[in-house]
Amino acid sequence: MQPLVEHIYTSQDQIGESPIWNITQQALYWVDAEGFSVHKFAPESGDYHHYNTPMTLTAIALGASGSWLSATKKGVYHWNGEFSEYRFLGDPVADKPAIRLNDAVVDRQGRLWMGTLNEEKLEAADGELFCMTWPLSIDVMADHFSVANGITWSPDGSSLYISNMFEHKIEVFTQHPITAGLSARRTFITFSEKDGMPDGLTVDAQGYLWVALWGGGKVCRYSPEGILDQTILLPVSNPTRCTFGGAELTDLFVCSAWFGLDVEQRKQQPMAGDLFRIKVGIKGLAEQQCRSLS
């Protein structure tokens, strides 16, 4: 019997993305990756706040002293805690008109990693994986992704997992803890058309990988050996990314999207684009803060 999937906030995001649990505030932040908004929601109190942004943020990550970093369609930005002040940090794909940043996640050592995609042809293997290190150098670490998405790490940081979305697979690299260098690229899991495409990823404290399957309407948990352990069905077909939160980090929060659904599908999925919570009873890992700006 699968755990209860709770519909906890009606955000109606075109593409709800990048859920980040703030332990200090006991609140979840996430973005509409096709809108101009950041959401903040405290599940226990029900308090909600909406931040309007002057540009579309495709992903957010924790910075130092309550600040934020974000990937956008025009590069990397640093924001204050209220998303009212910002500064441009760089754009590693500024010379490639069809390519833009997509996901952004901080590794166990506090470095910001970002994936890219070809906005004009998503299935093109033009995506790259970048790492931002002090003093704000942004270096390409791997390439040949058909949408580089869902970046996450094993608990000890030695393995980097990434969704090669339109190739229907998750790949894994061995990562050097000091240099951040990647090696031993290999396929970790492959998916069928029926499964959907692997989108956002997160890892729990036991080292198991959680995968949101776009088009598959489910979140799946895999062992460190790539063996399917659990499948949780959702009332929407396009979950995007999941993360752990709650007082004990045992709640799985899942964002979703209505992007790509036709009129009839949207009628059948009125909660598409909303936020869900699943009390999985499995402890997750706290989000790391980016130290590249410290």
# chains A, B, ... in the order shown; residues from 1 in each chain; ligands from 1

$ select_by_dssp --residues "stretch 21-127 of chain A" --states "strand (DSSP E or B)" --output "PyMOL selection string"
chain A and resi 21-22+27-32+37-41+48-52+57-62+68-72+75-79+86-90+99-106+112-118+127

$ closest_atom_pairs --of "stretch 2-113 of chain A" --to "stretch 204-221 of chain A" --cutoff "12 Å" --atoms "only C-alpha atoms" --output "tab-separated table"
residue	atom	partner	partner_atom	distance
A:Gln2	CA	A:Val219	CA	11.2
A:Pro3	CA	A:Val219	CA	11.7
A:Val5	CA	A:Lys218	CA	10.7
A:Ile15	CA	A:Trp214	CA	11.0
A:Gly16	CA	A:Trp214	CA	11.9
A:Glu17	CA	A:Ala212	CA	11.1
A:Ser18	CA	A:Ala212	CA	11.9

$ residues_around --residues "stretch 26-34 of chain A" --least-positions-apart "5" --cutoff "6 Å" --atoms "only C-alpha atoms" --output "PyMOL selection string"
chain A and resi 13+15-21+39-42+57-58

$ residues_around --residues "stretch 71-76 of chain A" --least-positions-apart "6" --cutoff "8 Å" --atoms "only C-alpha atoms" --output "number ranges by chain"
A: 55-60, 88-94, 100-104, 114

$ write_last_selection --atoms "C-alpha atoms" --output "PDB file, in the first residue's frame"
ATOM      1  CA  MET A  55      12.850  37.524 -14.761  1.00  0.00           C
ATOM      2  CA  THR A  56      11.977  33.842 -14.909  1.00  0.00           C
ATOM      3  CA  LEU A  57      13.940  31.735 -12.433  1.00  0.00           C
ATOM      4  CA  THR A  58      14.335  28.157 -13.630  1.00  0.00           C
ATOM      5  CA  ALA A  59      15.909  26.925 -10.373  1.00  0.00           C
ATOM      6  CA  ILE A  60      16.957  28.257  -6.968  1.00  0.00           C
ATOM      7  CA  PHE A  88      24.360  39.020 -12.306  1.00  0.00           C
ATOM      8  CA  LEU A  89      27.135  36.468 -11.800  1.00  0.00           C
ATOM      9  CA  GLY A  90      27.666  35.128 -15.300  1.00  0.00           C
ATOM     10  CA  ASP A  91      26.260  33.116 -18.168  1.00  0.00           C
ATOM     11  CA  PRO A  92      28.394  30.216 -19.424  1.00  0.00           C
ATOM     12  CA  VAL A  93      26.228  29.743 -22.531  1.00  0.00           C
ATOM     13  CA  ALA A  94      25.784  33.402 -23.513  1.00  0.00           C
ATOM     14  CA  ARG A 100      19.999  28.180 -21.682  1.00  0.00           C
ATOM     15  CA  LEU A 101      20.439  27.187 -18.062  1.00  0.00           C
ATOM     16  CA  ASN A 102      17.895  24.807 -16.577  1.00  0.00           C
ATOM     17  CA  ASP A 103      18.514  23.115 -13.223  1.00  0.00           C
ATOM     18  CA  ALA A 104      20.805  24.341 -10.430  1.00  0.00           C
ATOM     19  CA  MET A 114      23.957  23.799 -13.350  1.00  0.00           C
TER      20      MET A 114
END

$ residues_around --residues "A:Ala148" --least-positions-apart "5" --cutoff "8 Å" --atoms "only C-alpha atoms" --output "list in words"
Asn102, Asp103, Gly115, Thr116, Leu117, Gly127, Glu128, Leu129, Ile162, Ser163, Asn164 and Met165 of chain A

$ write_last_selection --atoms "C-alpha atoms" --output "PDB file, in the first residue's frame"
ATOM      1  CA  ASN A 102      17.895  24.807 -16.577  1.00  0.00           C
ATOM      2  CA  ASP A 103      18.514  23.115 -13.223  1.00  0.00           C
ATOM      3  CA  GLY A 115      22.576  21.929 -16.337  1.00  0.00           C
ATOM      4  CA  THR A 116      21.573  23.347 -19.713  1.00  0.00           C
ATOM      5  CA  LEU A 117      19.202  22.525 -22.552  1.00  0.00           C
ATOM      6  CA  GLY A 127      23.041  20.097 -22.880  1.00  0.00           C
ATOM      7  CA  GLU A 128      26.071  20.523 -20.647  1.00  0.00           C
ATOM      8  CA  LEU A 129      26.829  20.303 -16.935  1.00  0.00           C
ATOM      9  CA  ILE A 162      21.935  13.422 -13.363  1.00  0.00           C
ATOM     10  CA  SER A 163      18.876  12.977 -15.571  1.00  0.00           C
ATOM     11  CA  ASN A 164      19.596  12.789 -19.288  1.00  0.00           C
ATOM     12  CA  MET A 165      15.928  13.520 -19.711  1.00  0.00           C
TER      13      MET A 165
END

$ atom_distance --atom1 "atom CA of A:Ser192" --atom2 "atom CA of A:Gly157"
28.3 Å

$ atom_distance --atom1 "atom CA of A:Glu167" --atom2 "atom CA of A:Leu261"
20.9 Å

$ atom_distance --atom1 "atom CA of A:Ile189" --atom2 "atom CA of A:Gly226"
6.2 Å

$ residues_around --residues "A:Ile282" --least-positions-apart "3" --cutoff "10 Å" --atoms "only C-alpha atoms" --output "JSON list (two decimals) with N, CA and C atoms, in the first residue's frame"
[["chain", "number", "residue", "atom", "x", "y", "z"],
["A", 204, "ASP", "N", 17.99, 10.20, -0.39],
["A", 204, "ASP", "CA", 17.69, 10.18, 1.04],
["A", 204, "ASP", "C", 18.93, 9.79, 1.85],
["A", 205, "ALA", "N", 18.77, 9.77, 3.17],
["A", 205, "ALA", "CA", 19.92, 9.51, 4.06],
["A", 205, "ALA", "C", 20.46, 8.10, 3.93],
["A", 206, "GLN", "N", 19.66, 7.20, 3.38],
["A", 206, "GLN", "CA", 20.11, 5.83, 3.16],
["A", 206, "GLN", "C", 20.82, 5.64, 1.82],
["A", 244, "PHE", "N", 13.14, 16.57, 0.27],
["A", 244, "PHE", "CA", 12.72, 16.24, 1.63],
["A", 244, "PHE", "C", 12.61, 17.50, 2.49],
["A", 248, "GLU", "N", 11.34, 16.65, 10.66],
["A", 248, "GLU", "CA", 12.30, 15.56, 10.74],
["A", 248, "GLU", "C", 12.90, 15.19, 9.38],
["A", 249, "LEU", "N", 12.64, 16.00, 8.38],
["A", 249, "LEU", "CA", 13.09, 15.73, 7.01],
["A", 249, "LEU", "C", 12.58, 14.38, 6.50],
["A", 250, "THR", "N", 11.35, 14.02, 6.89],
["A", 250, "THR", "CA", 10.77, 12.75, 6.47],
["A", 250, "THR", "C", 9.55, 12.93, 5.56],
["A", 251, "ASP", "N", 9.29, 14.17, 5.17],
["A", 251, "ASP", "CA", 8.20, 14.46, 4.23],
["A", 251, "ASP", "C", 8.79, 14.71, 2.85],
["A", 252, "LEU", "N", 8.23, 14.09, 1.85],
["A", 252, "LEU", "CA", 8.69, 14.31, 0.47],
["A", 252, "LEU", "C", 7.74, 15.29, -0.19],
["A", 279, "LYS", "N", 4.16, 11.75, 3.21],
["A", 279, "LYS", "CA", 4.85, 11.42, 4.46],
["A", 279, "LYS", "C", 5.45, 10.02, 4.31]]

$ residues_around --residues "stretch 171-181 of chain A" --least-positions-apart "3" --cutoff "12 Å" --atoms "only C-alpha atoms" --output "PyMOL selection string"
chain A and resi 106-113+129-134+139-146+148-154+156-165+167-168+184-191+198+201+209+224-226

$ closest_residue --among "A:Val254, A:Ala286, A:Ile232, A:Ser11" --to "A:Val203" --atoms "only C-alpha atoms"
A:Ala286

$ closest_residue --among "A:Val147, A:Ala64, A:Leu275, A:Val236" --to "A:Glu123" --atoms "only C-alpha atoms"
A:Val147
